[in-house]
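Input: a single structure, listed below in structure tokens.
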Amino acid sequence: MLEAKHLFLKFDQKLLFRDLSLSAKKGQILAIIGPNGSGKSTLLKSLARNLKPQEGSIFLDGKELASYSTGELACAMTFLPQTPGVPTDITVRDLIGYGRYPYQSWWKNTSGQDKEVVNWAIKETGVALLEARLVSTLSGGERQRVWLAMALAQQPKTLLLDEPTTYLDISHQLEILMLIRRLNKAQGITVVMVLHEINHAARFADMVAVMREGSLYAVGTPEKVVTKEMLREVFRVEADVWQDSSGSPVCIAQGLVNSDRI
Amino acid sequence: MLSDKVAGRGIGRLSVLVLFLVLLIASLIISLALGAVKMPLLDVIKILWQHPADSTSQIIWNIRLPRTLVGALVGMNLALAGAILQAVMKTPLADPHIIGVSSGAGLTGILILILFPHYEYLITPAAFVGAMGAAVVIYAMAWKGGIRPIRIVLAGVAVSAFLGAGIAGLLVFYSDRVHGALLWMVGGLSARSWPQFYTILPYSIFGLGLALFSARKLNILELGDDVAGSLGLRVEQTRFFMTAVAALLAASAVSVAGVLGFVGLIVPHAVRLVIGADYRYVLPGSALLGGVVVALSDTFARTILAPVELPVGIIMAFLGAPFFLYLLRKES
């Protein structure tokens, strides 16, 4: 359970968000969508404690985020940025092993239990065939799965993901999202992710939060939130919205609002 | 089969470290054997072993051995400082010399050398204060809601230029006392003996210990600030601490051998090319290879134009710059 209350954040004279409250319930997937510059990634970074809002507070499992020690937080929550830097020379297994860092200390290095967890993370994410490869030689989809494996090795209860499908083709996007969904269901991990693709949010998230210019426009189930009206007011597009075979809303943009300007 | 490859990598890297150690011992012995009086290698080993009371033994024990050891420690400290700064500042361009840490140490060192020449023992602590001061100023200037590597480099270059102007100004105002300071600035090991060895030794042991102890943190830092933070590393705190360790190592080297460039830049690069990017291997590898490079360069500087001795800093620059260009071309 991750809960943000009345956040207010200003950075470099620019107001990024004001009086923003949002919560992700335990075991749910919450997707944050919104146009470019609406503050989605900034919100995610605040939830990850990488940015400190000037006002308001964030609670993780009922305890204020600011009161967690760094190590304690790393064992409870993991944040994967949009395109994490890849060290020049590291094997898949070693990178996934770094996920155990918060559980290790200098006097007790990799233990048998760490190895077991890494093996488990490798199996869960299906990267067993890659484990001896260098991360820098992997394709985008493989790399993303390896990062997810590292996050999983951290055994977090909450997972924050910033656009996990960027730069991936359509089948790899689906593969990553299905993997996230499976980990969420099987491990009960709460997932908060920023997504660009509205249809992905509608299909894979339990709750969708829509951001517009630093505040929340709407929060709710995909059926309630992904509507013609929302797409017109937030994304400035005229779109067709209907239900697919699974009952999730699907949208296709047909034109821009005020398209006479172009 | 696949895991064999991973295991083999670890053994391969360990054997490279052993090879570096052998290289270091060999270059120390070569350095002892060569000079104004040339000695066969076996005699050198015998003298080290038996400690006889003749004149060649005097040369080895009182002149060459301490100088060689000082050179090796200077090389080790600078290479370690360079490797750490490259990790902390996330740029291959980082080096105590380029970043301005050495200039800070140099300025306060020269200040003591020129203004208080009788208090030579103050040079090391003063250099450390200067190096730390430069590092803190660079850090503070580069701080803007977090640290960006590019801002650190730019701040370092600015601070370095500023301190360089300070050094130049001192040299102009005290031109009558410049000679000693000038040799010191070029970076040399001539007339370095046991006192300098005992000056640098504790810093080297302390710095090496702290560096090896933190190798895992540097590995985590390589993943980027966001991921490192999410893995439970206190990113800014680690960066500040490691910068201080690098400043300590660089200052102790500068205070006994002057401003010696290129070691901290080239050695870690060379080590990474053969050993990979894992700092648990890069740091000890840099320490060993840094010792090899300075010990051999100083031997070369002593012998190439004998009986005239060149400052080792000149040799380092002459050998180092082309080697660096070669590395650059090879990598791309």
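Residue numbering restarts at 1 for every chain of the structure tokens, chains are lettered A, B, ... in their displayed order, and ligands are numbered from 1 as they appear.
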
ask   = range 137-145 of chain A: which residues within 7 Å, counting only C-alpha atoms, same-chain residues fewer than 5 positions away excluded, as a VMD selection string?
value = chain A and resid 125 168 172 176

query = Which of range 11-222 of chain A counts as strand (DSSP E) under DSSP, as number ranges by chain please?
reply = A: 11, 14-24, 29-33, 55-60, 63-64, 77-80, 158-162, 190-194, 207-212, 215-220

inquiry  = Show me, as a PyMOL selection string, every residue of chain B with an atom at most 8 Å from chain A, counting only C-alpha atoms.
reply    = chain B and resi 2-3+5-6+213+220+222-224+226-227+229-234+276-278

If you keep all heavy atoms, can you produce a file of those selected residues as a CSV table (one decimal), in the first residue's frame?
chain,number,residue,atom,x,y,z
B,2,LEU,N,27.4,-22.8,-19.4
B,2,LEU,CA,27.4,-21.4,-19.3
B,2,LEU,C,27.9,-20.8,-18.0
B,2,LEU,O,28.7,-19.8,-18.0
B,2,LEU,CB,25.9,-20.9,-19.4
B,2,LEU,CG,25.3,-21.0,-20.8
B,2,LEU,CD1,23.8,-20.7,-20.8
B,2,LEU,CD2,26.1,-20.1,-21.8
B,3,SER,N,27.6,-21.5,-16.9
B,3,SER,CA,28.2,-21.0,-15.6
B,3,SER,C,29.7,-21.2,-15.5
B,3,SER,O,30.3,-20.5,-14.8
B,3,SER,CB,27.4,-21.7,-14.4
B,3,SER,OG,27.5,-23.1,-14.6
B,5,LYS,N,31.7,-20.5,-17.8
B,5,LYS,CA,32.2,-19.3,-18.4
B,5,LYS,C,32.3,-18.2,-17.4
B,5,LYS,O,33.3,-17.4,-17.3
B,5,LYS,CB,31.3,-18.8,-19.6
B,5,LYS,CG,32.0,-17.9,-20.6
B,5,LYS,CD,31.1,-17.6,-21.7
B,5,LYS,CE,31.3,-16.1,-22.1
B,5,LYS,NZ,30.1,-15.6,-22.9
B,6,VAL,N,31.2,-18.1,-16.6
B,6,VAL,CA,31.2,-17.0,-15.5
B,6,VAL,C,32.3,-17.3,-14.5
B,6,VAL,O,33.0,-16.4,-14.1
B,6,VAL,CB,29.8,-17.0,-14.8
B,6,VAL,CG1,29.8,-16.0,-13.7
B,6,VAL,CG2,28.8,-16.7,-15.9
B,213,PHE,N,37.6,-1.7,0.6
B,213,PHE,CA,36.5,-1.8,1.4
B,213,PHE,C,35.2,-1.3,0.7
B,213,PHE,O,34.1,-1.8,0.9
B,213,PHE,CB,36.7,-1.1,2.7
B,213,PHE,CG,35.6,-1.0,3.7
B,213,PHE,CD1,35.4,-2.1,4.5
B,213,PHE,CD2,34.9,0.1,3.8
B,213,PHE,CE1,34.3,-2.0,5.4
B,213,PHE,CE2,33.9,0.2,4.7
B,213,PHE,CZ,33.6,-0.9,5.5
B,220,ILE,N,27.9,-0.5,-7.4
B,220,ILE,CA,26.5,-0.2,-7.4
B,220,ILE,C,26.3,1.2,-8.0
B,220,ILE,O,25.3,1.5,-8.7
B,220,ILE,CB,25.9,-0.2,-5.9
B,220,ILE,CG1,26.1,-1.6,-5.3
B,220,ILE,CG2,24.5,0.2,-5.8
B,220,ILE,CD1,25.2,-2.7,-6.0
B,222,GLU,N,27.8,2.6,-10.3
B,222,GLU,CA,27.9,2.5,-11.8
B,222,GLU,C,26.5,2.3,-12.4
B,222,GLU,O,26.4,2.5,-13.6
B,222,GLU,CB,28.8,1.3,-12.2
B,222,GLU,CG,30.3,1.5,-12.0
B,222,GLU,CD,30.8,2.4,-13.1
B,222,GLU,OE1,31.0,1.9,-14.2
B,222,GLU,OE2,31.1,3.5,-12.8
B,223,LEU,N,25.6,1.8,-11.6
B,223,LEU,CA,24.3,1.5,-12.2
B,223,LEU,C,23.4,2.8,-12.4
B,223,LEU,O,22.3,2.7,-12.9
B,223,LEU,CB,23.5,0.5,-11.3
B,223,LEU,CG,24.1,-0.8,-11.0
B,223,LEU,CD1,23.3,-1.6,-10.0
B,223,LEU,CD2,24.3,-1.6,-12.3
B,224,GLY,N,24.0,3.9,-12.0
B,224,GLY,CA,23.2,5.2,-12.1
B,224,GLY,C,22.6,5.5,-10.7
B,224,GLY,O,22.3,4.6,-9.9
B,226,ASP,N,19.7,6.6,-9.7
B,226,ASP,CA,18.3,6.1,-9.4
B,226,ASP,C,18.3,4.7,-9.0
B,226,ASP,O,17.7,4.3,-7.9
B,226,ASP,CB,17.4,6.3,-10.6
B,226,ASP,CG,17.0,7.8,-10.8
B,226,ASP,OD1,17.1,8.5,-9.9
B,226,ASP,OD2,16.6,8.1,-12.0
B,227,VAL,N,19.0,3.9,-9.7
B,227,VAL,CA,19.0,2.4,-9.4
B,227,VAL,C,19.8,2.2,-8.1
B,227,VAL,O,19.4,1.5,-7.2
B,227,VAL,CB,19.6,1.6,-10.6
B,227,VAL,CG1,19.8,0.2,-10.2
B,227,VAL,CG2,18.7,1.7,-11.8
B,229,GLY,N,20.3,4.2,-5.7
B,229,GLY,CA,19.5,4.7,-4.5
B,229,GLY,C,18.4,3.6,-4.2
B,229,GLY,O,18.1,3.3,-3.0
B,230,SER,N,17.8,3.1,-5.3
B,230,SER,CA,16.7,2.1,-5.1
B,230,SER,C,17.3,0.8,-4.5
B,230,SER,O,16.5,0.1,-3.8
B,230,SER,CB,16.0,1.8,-6.4
B,230,SER,OG,15.2,0.7,-6.3
B,231,LEU,N,18.6,0.5,-4.7
B,231,LEU,CA,19.2,-0.6,-4.1
B,231,LEU,C,19.7,-0.4,-2.7
B,231,LEU,O,20.3,-1.3,-2.0
B,231,LEU,CB,20.4,-1.1,-4.9
B,231,LEU,CG,20.0,-1.8,-6.2
B,231,LEU,CD1,21.3,-2.0,-7.1
B,231,LEU,CD2,19.4,-3.1,-5.9
B,232,GLY,N,19.4,0.8,-2.2
B,232,GLY,CA,19.7,1.1,-0.8
B,232,GLY,C,21.1,1.7,-0.5
B,232,GLY,O,21.6,1.7,0.6
B,233,LEU,N,21.7,2.2,-1.6
B,233,LEU,CA,23.0,2.9,-1.4
B,233,LEU,C,22.7,4.4,-1.1
B,233,LEU,O,21.9,5.0,-1.8
B,233,LEU,CB,23.8,2.8,-2.7
B,233,LEU,CG,25.2,3.3,-2.6
B,233,LEU,CD1,26.1,2.4,-1.8
B,233,LEU,CD2,25.8,3.6,-4.0
B,234,ARG,N,23.4,4.9,-0.1
B,234,ARG,CA,23.2,6.4,0.1
B,234,ARG,C,24.1,7.1,-0.9
B,234,ARG,O,25.3,7.2,-0.6
B,234,ARG,CB,23.6,6.7,1.6
B,234,ARG,CG,22.6,6.2,2.5
B,234,ARG,CD,22.9,6.7,3.9
B,234,ARG,NE,22.2,5.9,4.9
B,234,ARG,CZ,22.8,4.8,5.4
B,234,ARG,NH1,24.0,4.4,5.1
B,234,ARG,NH2,22.1,4.0,6.3
B,276,GLY,N,38.2,-5.8,-17.0
B,276,GLY,CA,36.8,-5.5,-17.0
B,276,GLY,C,36.4,-4.4,-16.0
B,276,GLY,O,37.3,-3.7,-15.5
B,277,ALA,N,35.1,-4.2,-15.7
B,277,ALA,CA,34.7,-3.0,-15.0
B,277,ALA,C,34.4,-3.2,-13.6
B,277,ALA,O,34.0,-2.3,-12.9
B,277,ALA,CB,33.5,-2.4,-15.7
B,278,ASP,N,34.5,-4.4,-13.1
B,278,ASP,CA,34.2,-4.7,-11.7
B,278,ASP,C,35.2,-4.1,-10.7
B,278,ASP,O,36.4,-4.5,-10.8
B,278,ASP,CB,34.1,-6.2,-11.5
B,278,ASP,CG,33.6,-6.6,-10.1
B,278,ASP,OD1,33.8,-5.8,-9.2
B,278,ASP,OD2,33.1,-7.7,-10.0

inquiry  = List the spatial neighbours of Leu16 in chain A as a ChimeraX atom specification - criterion: any atom at most 9 Å away, only C-alpha atoms, same-chain residues fewer than 6 positions off excluded.
reply    = /A:8-10,38-39,42-43,213-215
